[in-house]
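Data file: start15.txt. Format and content: compact mmCIF, C-alpha atoms and all ligand atoms.
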```txt
# COMPACT_ATOMS: atom_id res chain seq x y z
CA MET A 11 -19.43 6.07 -13.95
CA THR A 12 -19.27 9.75 -12.97
CA LYS A 13 -16.94 11.63 -15.32
CA VAL A 14 -15.62 15.00 -14.29
CA LYS A 15 -14.57 17.99 -16.35
CA ASP A 16 -12.62 21.03 -15.24
CA GLN A 17 -13.25 24.73 -15.93
CA LEU A 18 -11.63 24.40 -19.36
CA ASN A 19 -13.68 21.31 -20.19
CA ARG A 20 -10.74 18.92 -19.76
CA PRO A 21 -11.57 15.44 -18.50
CA LEU A 22 -9.63 13.65 -15.76
CA ARG A 23 -7.76 10.82 -17.51
CA ASP A 24 -4.34 10.39 -15.92
CA LEU A 25 -3.06 10.06 -12.40
CA ARG A 26 0.61 10.30 -11.51
CA ILE A 27 1.38 8.92 -8.12
CA SER A 28 4.57 9.89 -6.31
CA VAL A 29 5.30 7.06 -3.91
CA ILE A 30 8.33 8.63 -2.22
CA ASP A 31 10.08 12.01 -2.12
CA ARG A 32 13.59 10.57 -1.62
CA CYS A 33 16.04 9.77 -4.38
CA ASN A 34 19.42 8.08 -4.80
CA PHE A 35 20.39 10.75 -7.38
CA ARG A 36 20.82 14.49 -7.10
CA CYS A 37 20.17 15.56 -10.69
CA GLN A 38 21.16 19.19 -11.12
CA TYR A 39 17.89 20.13 -12.78
CA CYS A 40 15.70 18.40 -10.18
CA MET A 41 17.30 17.95 -6.73
CA PRO A 42 20.52 20.00 -6.72
CA ALA A 43 22.90 18.51 -4.12
CA ASP A 44 23.60 21.84 -2.46
CA ILE A 45 19.91 22.21 -1.58
CA PHE A 46 18.99 18.55 -1.09
CA GLY A 47 22.00 17.92 1.17
CA PRO A 48 22.49 15.67 4.22
CA ASP A 49 20.35 17.98 6.39
CA PHE A 50 17.40 18.11 4.03
CA VAL A 51 14.27 16.86 5.78
CA PHE A 52 12.30 14.34 3.76
CA LEU A 53 8.82 13.11 4.63
CA PRO A 54 8.76 10.76 7.61
CA ARG A 55 7.30 7.30 7.02
CA ASN A 56 3.98 7.96 8.78
CA GLN A 57 3.28 10.90 6.50
CA LEU A 58 3.49 8.80 3.36
CA LEU A 59 0.29 7.27 2.08
CA SER A 60 0.18 3.53 2.73
CA TYR A 61 -0.26 1.25 -0.28
CA GLU A 62 -3.82 0.58 0.87
CA GLU A 63 -4.53 4.31 0.91
CA ILE A 64 -2.97 4.77 -2.53
CA GLU A 65 -5.05 1.91 -3.92
CA ARG A 66 -8.24 3.35 -2.45
CA LEU A 67 -7.63 6.75 -4.00
CA ALA A 68 -6.55 5.23 -7.31
CA ARG A 69 -9.78 3.22 -7.45
CA ILE A 70 -11.81 6.36 -6.82
CA PHE A 71 -9.90 8.26 -9.52
CA VAL A 72 -10.47 5.44 -12.01
CA GLY A 73 -14.17 5.68 -11.21
CA LEU A 74 -14.00 9.35 -12.21
CA GLY A 75 -12.36 8.71 -15.59
CA VAL A 76 -8.67 7.94 -14.99
CA GLU A 77 -7.42 5.32 -17.46
CA LYS A 78 -3.68 5.55 -16.92
CA ILE A 79 -1.59 5.58 -13.79
CA ARG A 80 2.11 6.35 -13.66
CA LEU A 81 4.19 5.68 -10.57
CA THR A 82 6.96 8.13 -9.91
CA GLY A 83 8.86 9.94 -7.17
CA GLY A 84 11.64 10.85 -6.08
CA GLU A 85 12.94 7.48 -7.08
CA PRO A 86 9.94 5.13 -6.90
CA LEU A 87 12.07 1.97 -6.70
CA LEU A 88 13.38 3.15 -3.32
CA ARG A 89 9.93 2.49 -1.86
CA LYS A 90 9.86 -0.98 -0.35
CA ASP A 91 7.76 -3.70 -2.03
CA LEU A 92 6.66 -1.56 -4.96
CA PRO A 93 5.53 -4.64 -6.95
CA TYR A 94 2.94 -5.20 -4.21
CA LEU A 95 1.41 -1.79 -4.99
CA VAL A 96 1.52 -2.51 -8.72
CA GLU A 97 -0.32 -5.77 -8.12
CA MET A 98 -3.03 -4.01 -6.10
CA LEU A 99 -3.43 -1.33 -8.77
CA SER A 100 -3.53 -3.81 -11.63
CA LYS A 101 -6.70 -5.32 -10.14
CA ILE A 102 -8.62 -2.05 -10.42
CA GLU A 103 -11.41 -2.51 -12.91
CA GLY A 104 -11.35 0.04 -15.73
CA LEU A 105 -7.67 0.91 -15.36
CA LYS A 106 -6.03 0.44 -18.77
CA ASP A 107 -2.39 1.13 -18.14
CA ILE A 108 0.21 1.31 -15.40
CA GLY A 109 3.63 2.84 -16.05
CA LEU A 110 6.64 3.76 -13.98
CA THR A 111 9.23 6.51 -14.32
CA THR A 112 12.60 5.64 -12.83
CA ASN A 113 16.28 6.47 -13.04
CA GLY A 114 16.76 2.76 -13.71
CA VAL A 115 19.49 1.96 -11.18
CA LEU A 116 17.35 -0.52 -9.25
CA LEU A 117 15.63 -2.10 -12.25
CA PRO A 118 17.93 -5.14 -12.46
CA LYS A 119 16.67 -6.03 -9.00
CA HIS A 120 12.96 -5.35 -9.52
CA ALA A 121 12.04 -5.46 -13.24
CA LYS A 122 10.86 -9.07 -13.28
CA ALA A 123 8.70 -8.76 -10.16
CA LEU A 124 7.20 -5.50 -11.44
CA LYS A 125 6.26 -7.09 -14.75
CA GLU A 126 4.74 -10.10 -13.02
CA ALA A 127 2.75 -7.76 -10.80
CA GLY A 128 1.16 -6.12 -13.87
CA LEU A 129 3.43 -3.23 -14.80
CA LYS A 130 3.37 -2.57 -18.54
CA ARG A 131 5.89 0.13 -19.25
CA VAL A 132 8.85 1.99 -17.82
CA ASN A 133 10.30 5.35 -18.71
CA ILE A 134 13.97 5.37 -17.83
CA SER A 135 15.80 8.68 -17.47
CA LEU A 136 19.18 8.96 -19.16
CA ASP A 137 20.68 12.32 -20.07
CA SER A 138 24.05 11.35 -21.55
CA LEU A 139 26.08 8.37 -22.71
CA LYS A 140 29.30 9.80 -21.32
CA ASP A 141 30.14 8.49 -17.85
CA GLU A 142 31.76 11.64 -16.60
CA LEU A 143 29.07 14.00 -17.81
CA PHE A 144 26.27 11.72 -16.66
CA GLY A 145 27.89 11.44 -13.21
CA GLU A 146 28.08 15.21 -13.03
CA ILE A 147 24.43 15.60 -14.04
CA ASN A 148 23.12 13.00 -11.58
CA GLY A 149 25.19 14.50 -8.79
CA ARG A 150 26.21 11.07 -7.49
CA ASN A 151 28.96 10.17 -9.96
CA VAL A 152 26.98 7.20 -11.18
CA GLY A 153 28.16 6.18 -14.65
CA VAL A 154 26.03 5.08 -17.58
CA GLY A 155 26.65 1.34 -17.02
CA PRO A 156 24.07 0.81 -14.25
CA ILE A 157 21.37 2.52 -16.32
CA LEU A 158 22.15 0.40 -19.37
CA LYS A 159 21.84 -2.67 -17.15
CA GLY A 160 18.49 -1.33 -15.94
CA ILE A 161 17.30 -0.86 -19.53
CA LYS A 162 18.37 -4.39 -20.42
CA ALA A 163 16.67 -5.86 -17.36
CA ALA A 164 13.41 -4.07 -18.24
CA GLN A 165 13.55 -5.30 -21.83
CA GLU A 166 14.30 -8.86 -20.74
CA ALA A 167 11.39 -8.75 -18.33
CA GLY A 168 9.11 -7.83 -21.25
CA LEU A 169 8.38 -4.26 -20.18
CA GLY A 170 7.92 -1.53 -22.77
CA VAL A 171 10.82 0.92 -22.45
CA LYS A 172 11.08 4.61 -23.27
CA ILE A 173 14.04 6.81 -22.51
CA ASN A 174 13.64 10.32 -21.06
CA MET A 175 16.39 12.84 -21.72
CA VAL A 176 16.18 16.31 -20.21
CA VAL A 177 18.19 18.66 -22.40
CA LYS A 178 19.88 21.68 -20.84
CA LYS A 179 21.86 24.15 -22.93
CA GLY A 180 25.61 24.00 -22.41
CA LEU A 181 25.27 20.91 -20.25
CA ASN A 182 24.22 17.96 -22.41
CA ASP A 183 23.08 19.37 -25.76
CA SER A 184 26.19 17.77 -27.29
CA GLU A 185 24.52 14.43 -26.46
CA ILE A 186 21.40 15.02 -28.57
CA ILE A 187 22.72 13.12 -31.60
CA PRO A 188 24.62 10.34 -29.74
CA MET A 189 21.49 9.60 -27.69
CA ALA A 190 19.33 9.57 -30.84
CA GLN A 191 21.72 7.16 -32.55
CA PHE A 192 21.95 4.90 -29.50
CA CYS A 193 18.18 4.71 -29.07
CA LYS A 194 17.55 4.19 -32.78
CA ASP A 195 20.11 1.37 -32.91
CA ASN A 196 18.59 -0.29 -29.85
CA GLU A 197 14.96 0.28 -30.93
CA LEU A 198 14.19 2.41 -27.90
CA GLN A 199 11.80 5.35 -28.06
CA LEU A 200 13.68 8.43 -26.91
CA ARG A 201 11.80 11.46 -25.58
CA TYR A 202 13.62 14.75 -25.41
CA ILE A 203 12.25 16.82 -22.53
CA GLU A 204 12.63 20.59 -22.51
CA PHE A 205 14.22 21.78 -19.28
CA MET A 206 11.36 23.16 -17.16
CA ASP A 207 11.01 25.75 -14.41
CA VAL A 208 9.50 23.31 -11.93
CA GLY A 209 10.11 24.12 -8.28
CA SER A 210 12.36 26.95 -7.27
CA SER A 211 15.68 25.23 -6.63
CA ASN A 212 17.05 24.40 -10.09
CA GLY A 213 18.01 27.95 -11.16
CA TRP A 214 15.96 27.71 -14.38
CA LYS A 215 16.51 30.34 -17.06
CA MET A 216 14.84 30.53 -20.46
CA ASP A 217 18.30 30.69 -22.02
CA ASP A 218 19.04 27.19 -20.68
CA VAL A 219 16.16 25.65 -22.62
CA VAL A 220 16.95 23.81 -25.84
CA THR A 221 13.65 23.91 -27.70
CA LYS A 222 12.06 21.13 -29.70
CA LYS A 223 12.69 23.21 -32.84
CA GLU A 224 16.43 23.34 -32.16
CA ILE A 225 16.63 19.62 -31.38
CA PHE A 226 14.52 18.72 -34.40
CA GLU A 227 16.77 20.76 -36.69
CA GLN A 228 19.82 18.87 -35.44
CA LEU A 229 18.09 15.52 -35.89
CA SER A 230 16.86 16.41 -39.38
CA GLU A 231 20.41 17.03 -40.57
CA ARG A 232 21.26 13.48 -39.69
CA PHE A 233 18.07 11.39 -40.00
CA SER A 234 14.92 11.25 -42.14
CA LEU A 235 11.93 11.69 -39.87
CA GLU A 236 8.20 11.56 -40.55
CA PRO A 237 5.50 12.77 -38.15
CA VAL A 238 3.37 10.22 -36.29
CA ASP A 239 -0.29 10.92 -35.39
CA PRO A 240 -1.07 11.08 -31.67
CA ASP A 241 -2.23 7.74 -30.24
CA TYR A 242 -4.89 9.31 -28.03
CA TYR A 243 -6.41 12.63 -26.94
CA GLY A 244 -4.01 14.49 -24.71
CA GLU A 245 -0.87 12.57 -25.71
CA VAL A 246 1.94 14.75 -24.45
CA ALA A 247 4.85 13.74 -26.67
CA LYS A 248 4.98 14.99 -30.25
CA ARG A 249 6.27 11.98 -32.09
CA TYR A 250 8.21 11.28 -35.28
CA ARG A 251 9.42 8.04 -36.82
CA TYR A 252 12.77 7.31 -38.40
CA LYS A 253 11.82 6.52 -42.02
CA ASP A 254 11.72 2.83 -42.86
CA THR A 255 11.87 1.78 -39.20
CA ASN A 256 9.46 1.17 -36.35
CA VAL A 257 11.39 3.44 -34.06
CA ASP A 258 9.84 6.67 -32.80
CA VAL A 259 11.40 9.71 -31.23
CA GLY A 260 9.33 12.18 -29.17
CA PHE A 261 9.48 15.67 -27.73
CA ILE A 262 7.96 17.00 -24.54
CA THR A 263 7.58 20.65 -25.43
CA SER A 264 6.32 22.03 -22.14
CA VAL A 265 8.13 25.32 -22.63
CA SER A 266 8.17 26.07 -26.36
CA GLU A 267 4.78 24.62 -27.40
CA SER A 268 2.54 24.28 -24.37
CA PHE A 269 -0.19 21.66 -24.34
CA CYS A 270 -2.35 22.84 -21.43
CA SER A 271 -5.57 22.85 -23.46
CA SER A 272 -5.58 19.04 -23.53
CA CYS A 273 -3.91 18.39 -20.16
CA THR A 274 -5.81 15.65 -18.36
CA ARG A 275 -3.24 14.90 -15.65
CA SER A 276 -3.68 14.95 -11.91
CA ARG A 277 -0.83 14.32 -9.49
CA LEU A 278 -0.91 12.68 -6.08
CA SER A 279 2.06 13.46 -3.84
CA ALA A 280 3.61 10.87 -1.56
CA ASP A 281 1.89 12.52 1.42
CA GLY A 282 -1.52 12.45 -0.20
CA LYS A 283 -2.03 15.88 -1.72
CA ILE A 284 -3.62 16.36 -5.11
CA TYR A 285 -1.99 18.80 -7.51
CA THR A 286 -3.92 19.75 -10.62
CA CYS A 287 -0.83 21.19 -12.34
CA LEU A 288 2.91 20.51 -12.20
CA PHE A 289 3.42 24.18 -11.42
CA ASN A 290 1.03 24.48 -8.46
CA GLY A 291 2.36 25.86 -5.18
CA ASN A 292 -0.12 24.07 -2.93
CA GLY A 293 -1.95 20.81 -3.16
CA HIS A 294 -5.36 19.70 -1.90
CA ASP A 295 -5.06 17.33 1.03
CA LEU A 296 -6.73 13.94 0.73
CA ARG A 297 -4.63 12.01 3.27
CA ASP A 298 -5.81 13.67 6.47
CA PHE A 299 -9.33 13.88 5.06
CA MET A 300 -9.25 10.15 4.36
CA ARG A 301 -7.81 9.42 7.80
CA THR A 302 -10.81 11.06 9.50
CA GLY A 303 -12.76 7.96 8.47
CA VAL A 304 -14.79 9.38 5.58
CA ASN A 305 -16.50 7.02 3.17
CA ASP A 306 -15.72 6.65 -0.55
CA GLN A 307 -18.64 8.87 -1.59
CA GLU A 308 -17.28 11.73 0.49
CA ILE A 309 -13.86 11.36 -1.15
CA ILE A 310 -15.47 11.24 -4.60
CA GLU A 311 -17.27 14.49 -3.86
CA ARG A 312 -14.04 16.14 -2.67
CA VAL A 313 -12.13 15.04 -5.80
CA CYS A 314 -14.95 16.21 -8.10
CA GLU A 315 -14.94 19.57 -6.38
CA ILE A 316 -11.14 19.87 -6.87
CA TRP A 317 -11.22 18.84 -10.54
CA ASN A 318 -14.32 20.93 -11.34
CA GLY A 319 -12.54 23.99 -9.99
CA ARG A 320 -9.35 23.43 -11.99
CA ASP A 321 -8.36 26.22 -14.36
CA ASP A 322 -4.58 25.67 -14.52
CA ARG A 323 -2.72 26.49 -17.71
CA TYR A 324 0.66 27.55 -16.42
CA SER A 325 2.73 26.76 -19.51
CA ASP A 326 0.32 28.80 -21.65
CA ILE A 327 0.85 31.86 -19.49
CA ARG A 328 4.51 31.45 -18.43
CA THR A 329 6.30 34.81 -18.25
CA ALA A 330 9.48 36.07 -16.60
CA GLU A 331 7.22 37.24 -13.76
CA THR A 332 5.63 33.80 -13.12
CA VAL A 333 9.05 32.16 -13.31
CA ALA A 334 10.53 34.53 -10.73
CA ASN A 335 7.64 35.00 -8.35
CA ARG A 336 5.37 32.02 -8.34
CA LYS A 337 5.75 29.52 -5.50
CA LYS A 338 5.98 26.08 -7.09
CA ILE A 339 6.27 22.61 -5.71
CA GLU A 340 9.55 20.73 -6.33
CA MET A 341 9.64 18.09 -9.09
CA SER A 342 11.13 15.45 -6.79
CA TYR A 343 8.13 15.83 -4.46
CA ILE A 344 5.44 15.71 -7.08
CA GLY A 345 7.08 13.43 -9.61
CA GLY A 346 7.06 15.10 -13.03
N1 LIG B 401 13.46 9.50 -10.36
C1 LIG B 401 12.70 9.13 -11.49
C2 LIG B 401 13.39 9.53 -12.78
O1 LIG B 401 14.30 10.35 -12.73
O2 LIG B 401 12.99 9.02 -13.81
C3 LIG B 401 11.27 9.65 -11.47
C4 LIG B 401 11.03 11.05 -10.98
S1 LIG B 401 11.69 12.34 -12.01
C5 LIG B 401 11.18 13.78 -11.12
C6 LIG B 401 10.58 12.27 -13.40
C7 LIG B 401 11.10 12.89 -14.68
O3 LIG B 401 11.19 14.29 -14.52
C8 LIG B 401 12.48 12.43 -15.11
O4 LIG B 401 12.47 11.95 -16.42
C9 LIG B 401 13.33 13.67 -15.01
O5 LIG B 401 14.36 13.66 -15.94
C10 LIG B 401 12.30 14.76 -15.25
N2 LIG B 401 12.69 16.07 -14.72
C11 LIG B 401 13.13 16.35 -13.48
N3 LIG B 401 13.40 17.68 -13.36
C12 LIG B 401 13.10 18.25 -14.56
C13 LIG B 401 13.14 19.58 -15.08
N4 LIG B 401 13.53 20.59 -14.35
N5 LIG B 401 12.74 19.78 -16.35
C14 LIG B 401 12.32 18.74 -17.13
N6 LIG B 401 12.24 17.48 -16.69
C15 LIG B 401 12.64 17.22 -15.44
FE1 LIG B 402 16.00 11.74 -8.66
FE2 LIG B 402 14.61 11.53 -10.85
FE3 LIG B 402 14.95 13.92 -9.74
FE4 LIG B 402 17.02 12.73 -10.87
S1 LIG B 402 15.15 13.41 -11.88
S2 LIG B 402 17.00 13.68 -8.84
S3 LIG B 402 16.60 10.61 -10.47
S4 LIG B 402 13.84 12.26 -8.87
FE1 LIG B 403 -0.90 20.59 -17.47
FE2 LIG B 403 -0.06 22.51 -15.85
FE3 LIG B 403 1.64 21.38 -17.59
FE4 LIG B 403 -0.32 23.01 -18.45
S1 LIG B 403 1.39 23.58 -17.18
S2 LIG B 403 0.26 21.02 -19.33
S3 LIG B 403 -1.97 22.50 -16.99
S4 LIG B 403 0.63 20.36 -15.85
```
I'd like the structure from this file rewritten - as structure tokens, please.
Ligand code: SAM
Ligand code: SF4
Ligand code: SF4
Amino acid sequence: MTKVKDQLNRPLRDLRISVIDRCNFRCQYCMPADIFGPDFVFLPRNQLLSYEEIERLARIFVGLGVEKIRLTGGEPLLRKDLPYLVEMLSKIEGLKDIGLTTNGVLLPKHAKALKEAGLKRVNISLDSLKDELFGEINGRNVGVGPILKGIKAAQEAGLGVKINMVVKKGLNDSEIIPMAQFCKDNELQLRYIEFMDVGSSNGWKMDDVVTKKEIFEQLSERFSLEPVDPDYYGEVAKRYRYKDTNVDVGFITSVSESFCSSCTRSRLSADGKIYTCLFNGNGHDLRDFMRTGVNDQEIIERVCEIWNGRDDRYSDIRTAETVANRKKIEMSYIGG
């Protein structure tokens, strides 16, 4: 197997695949409703990669070292027949893990089929346990009930479940402790995600970030936590365990403690562009290249060239200037 390394000696281990750029939510920090309104133009069907094209690229990436694939979006469960894609991916030799990130609304409908198709884990986003606040954050007035049903459906289907909570100062920081308590009581691993300056539509300001340190201090006043060693090289979440339990809590510290030096993630957009960093402005096209009829070897060479040239370390070098001036792709397009 050819393994590739980038300019900073980082291997290619993970592939995040955005299967769709549309979403049934309009989360303030991701797809603000005033920008992603009724006139917003999403990708037309023929510009999306087909499942066969996704599977072909995924197989090539696995051949180059990818061990984990995560399906995301937009809202990935809006893409028709997603379990069919999962089934195709789960047959790829050498692939160790397939996960999915979702807002959870459509899980009651699809969890069982996804599990049967080979999905192992889901990350479900939930930013508050208060209906009104959650409805305000998701921009669609959807209460917490449908997400709790989604969580239950995933657990009943036998999927591993983690909860993602983006914390934004003054918006949902009052939910840090209630969410911790809820997840601890229900044996769910909660991951607090620092609000990030992805894209250019969410009005990000450093002052809006609640850092891991601040969250950890709040948690420590209430719970006894002990650090947990990373499971593998490049694990993103910094994890702790509630003493005398099997329940972990994690932090994604993209802003306050960057982890670029061990970042092994590549991202494939729904229209077939490769992004080597969440904060890239432009991707490298593979869809049109693939549609010219090239063979696998030619695609392998193109991907190696892209990864070999990678020197991204945006979170290490974030400044007020990069935040204000850098053109960055939107999170809903690339998938987080
Ligand atoms: N729609 C799915 C969901 O919400 O889980 C998958 C796509 S969403 C873009 C992936 C993850 O990115 C979610 O957990 C979401 O909360 C997170 N996210 C979106 N915008 C963010 C931001 N500005 N900062 C930090 N995390 C963000
Ligand atoms: Fe949709 Fe997920 Fe973005 Fe919310 S975070 S708008 S659910 S893509
Ligand atoms: Fe990886 Fe880019 Fe995030 Fe750094 S900023 S961890 S290189 S995605």
Nearest to Glu103 (chain A), chosen from A:Arg89, A:Glu245, A:Glu65, A:Val115, with all atoms listed in the file counted in the distances: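 For Glu103 (chain A), the nearest of the candidates is A:Glu65.
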Counting all atoms listed in the file, the option among A:Ser230, A:Ser272, A:Asn148, A:Thr111 closest to ligand LIG 401 (chain B):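 Distance minimum relative to ligand LIG 401 (chain B) lands on A:Thr111.
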Which is closest to Ala280 (chain A) among A:Ile344, A:Ile173, A:Val51, A:Val154, if we use all atoms listed in the file? A:Ile344
Applying 10 Å and only C-alpha atoms, which residues near Lys215 (chain A) remain after dropping the ones on its own chain fewer than 3 positions away? List them as a ChimeraX atom specification. /A:205-207,212,218-219,330,333-334
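Reported to one decimal place, the separation of atom S3 of ligand LIG 403 (chain B) from CA of Ile134 (chain A) is 23.4 Å.
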Neighbour list for Ile187 (chain A) as number ranges by chain, cut-off 7 Å, only C-alpha atoms, skip fewer than 3 positions in-chain: A: 190-191, 229
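CA of Asn133 (chain A) sits 7.6 Å away from CA of Gly109 (chain A).
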Around all the atoms of ligand LIG 401 (chain B) listed in the file, with 5 Å of room on each side, what axis-aligned box do you get, giving centre and edge lengths in Å to one decimal, as lines of an AutoDock Vina configuration file?
```
center_x = 12.5
center_y = 14.8
center_z = -13.7
size_x = 13.8
size_y = 21.6
size_z = 16.8
```
Using all atoms listed in the file, find each residue in chain A having at least one atom no more than 7 Å away from ligand LIG 401 (chain B); report its shortest atom-to-atom pair and that distance in Å (one decimal), rows by chain then rising number, as JSON lines.
```
{"residue": "A:Cys33", "atom": "CA", "partner": "B:LIG401", "partner_atom": "N1", "distance": 6.5}
{"residue": "A:Tyr39", "atom": "CA", "partner": "B:LIG401", "partner_atom": "N4", "distance": 4.7}
{"residue": "A:Cys40", "atom": "CA", "partner": "B:LIG401", "partner_atom": "N3", "distance": 4.0}
{"residue": "A:Thr82", "atom": "CA", "partner": "B:LIG401", "partner_atom": "C3", "distance": 4.8}
{"residue": "A:Gly83", "atom": "CA", "partner": "B:LIG401", "partner_atom": "C4", "distance": 4.5}
{"residue": "A:Gly84", "atom": "CA", "partner": "B:LIG401", "partner_atom": "N1", "distance": 4.8}
{"residue": "A:Glu85", "atom": "CA", "partner": "B:LIG401", "partner_atom": "N1", "distance": 3.9}
{"residue": "A:Pro86", "atom": "CA", "partner": "B:LIG401", "partner_atom": "C3", "distance": 6.6}
{"residue": "A:Thr111", "atom": "CA", "partner": "B:LIG401", "partner_atom": "O2", "distance": 4.5}
{"residue": "A:Thr112", "atom": "CA", "partner": "B:LIG401", "partner_atom": "O2", "distance": 3.5}
{"residue": "A:Asn113", "atom": "CA", "partner": "B:LIG401", "partner_atom": "C2", "distance": 4.2}
{"residue": "A:Asn133", "atom": "CA", "partner": "B:LIG401", "partner_atom": "O2", "distance": 6.7}
{"residue": "A:Ile134", "atom": "CA", "partner": "B:LIG401", "partner_atom": "O2", "distance": 5.5}
{"residue": "A:Ser135", "atom": "CA", "partner": "B:LIG401", "partner_atom": "O2", "distance": 4.6}
{"residue": "A:Asn174", "atom": "CA", "partner": "B:LIG401", "partner_atom": "O4", "distance": 5.1}
{"residue": "A:Met175", "atom": "CA", "partner": "B:LIG401", "partner_atom": "O5", "distance": 6.2}
{"residue": "A:Val176", "atom": "CA", "partner": "B:LIG401", "partner_atom": "O5", "distance": 5.3}
{"residue": "A:Ile203", "atom": "CA", "partner": "B:LIG401", "partner_atom": "C14", "distance": 5.7}
{"residue": "A:Glu204", "atom": "CA", "partner": "B:LIG401", "partner_atom": "C14", "distance": 5.7}
{"residue": "A:Phe205", "atom": "CA", "partner": "B:LIG401", "partner_atom": "N5", "distance": 3.8}
{"residue": "A:Met206", "atom": "CA", "partner": "B:LIG401", "partner_atom": "N5", "distance": 3.7}
{"residue": "A:Asp207", "atom": "CA", "partner": "B:LIG401", "partner_atom": "N4", "distance": 5.7}
{"residue": "A:Val208", "atom": "CA", "partner": "B:LIG401", "partner_atom": "N4", "distance": 5.4}
{"residue": "A:Asn212", "atom": "CA", "partner": "B:LIG401", "partner_atom": "N4", "distance": 6.7}
{"residue": "A:Met341", "atom": "CA", "partner": "B:LIG401", "partner_atom": "C5", "distance": 5.0}
{"residue": "A:Ser342", "atom": "CA", "partner": "B:LIG401", "partner_atom": "C5", "distance": 4.6}
{"residue": "A:Gly345", "atom": "CA", "partner": "B:LIG401", "partner_atom": "C5", "distance": 4.4}
{"residue": "A:Gly346", "atom": "CA", "partner": "B:LIG401", "partner_atom": "O3", "distance": 4.5}
```
Can you tell me, as a list in words, what residues are no more than 10 Å from His120 (chain A) when counting only C-alpha atoms, ignoring any on the same chain fewer than 2 positions away? Leu87, Asp91, Leu92, Pro93, Gly114, Val115, Leu116, Leu117, Pro118, Lys122, Ala123, Leu124, Lys125, Gly160, Ala163, Ala164 and Ala167 of chain A
Report as a list of chain:residue names all protein, DNA and RNA residues lying within 9 Å of Ala247 (chain A), evaluated on only C-alpha atoms, omitting residues in the same chain fewer than 5 positions from it.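 Counting only C-alpha atoms, the residues come to A:Arg201, A:Tyr202, A:Pro240, A:Val259, A:Gly260, A:Phe261, A:Ile262, A:Thr263.
Compared by their closest atoms to ligand LIG 403 (chain B), and using all atoms listed in the file, the residues A:Lys223, A:Arg297, A:Arg328, A:Lys194 rank with A:Arg328 nearest.
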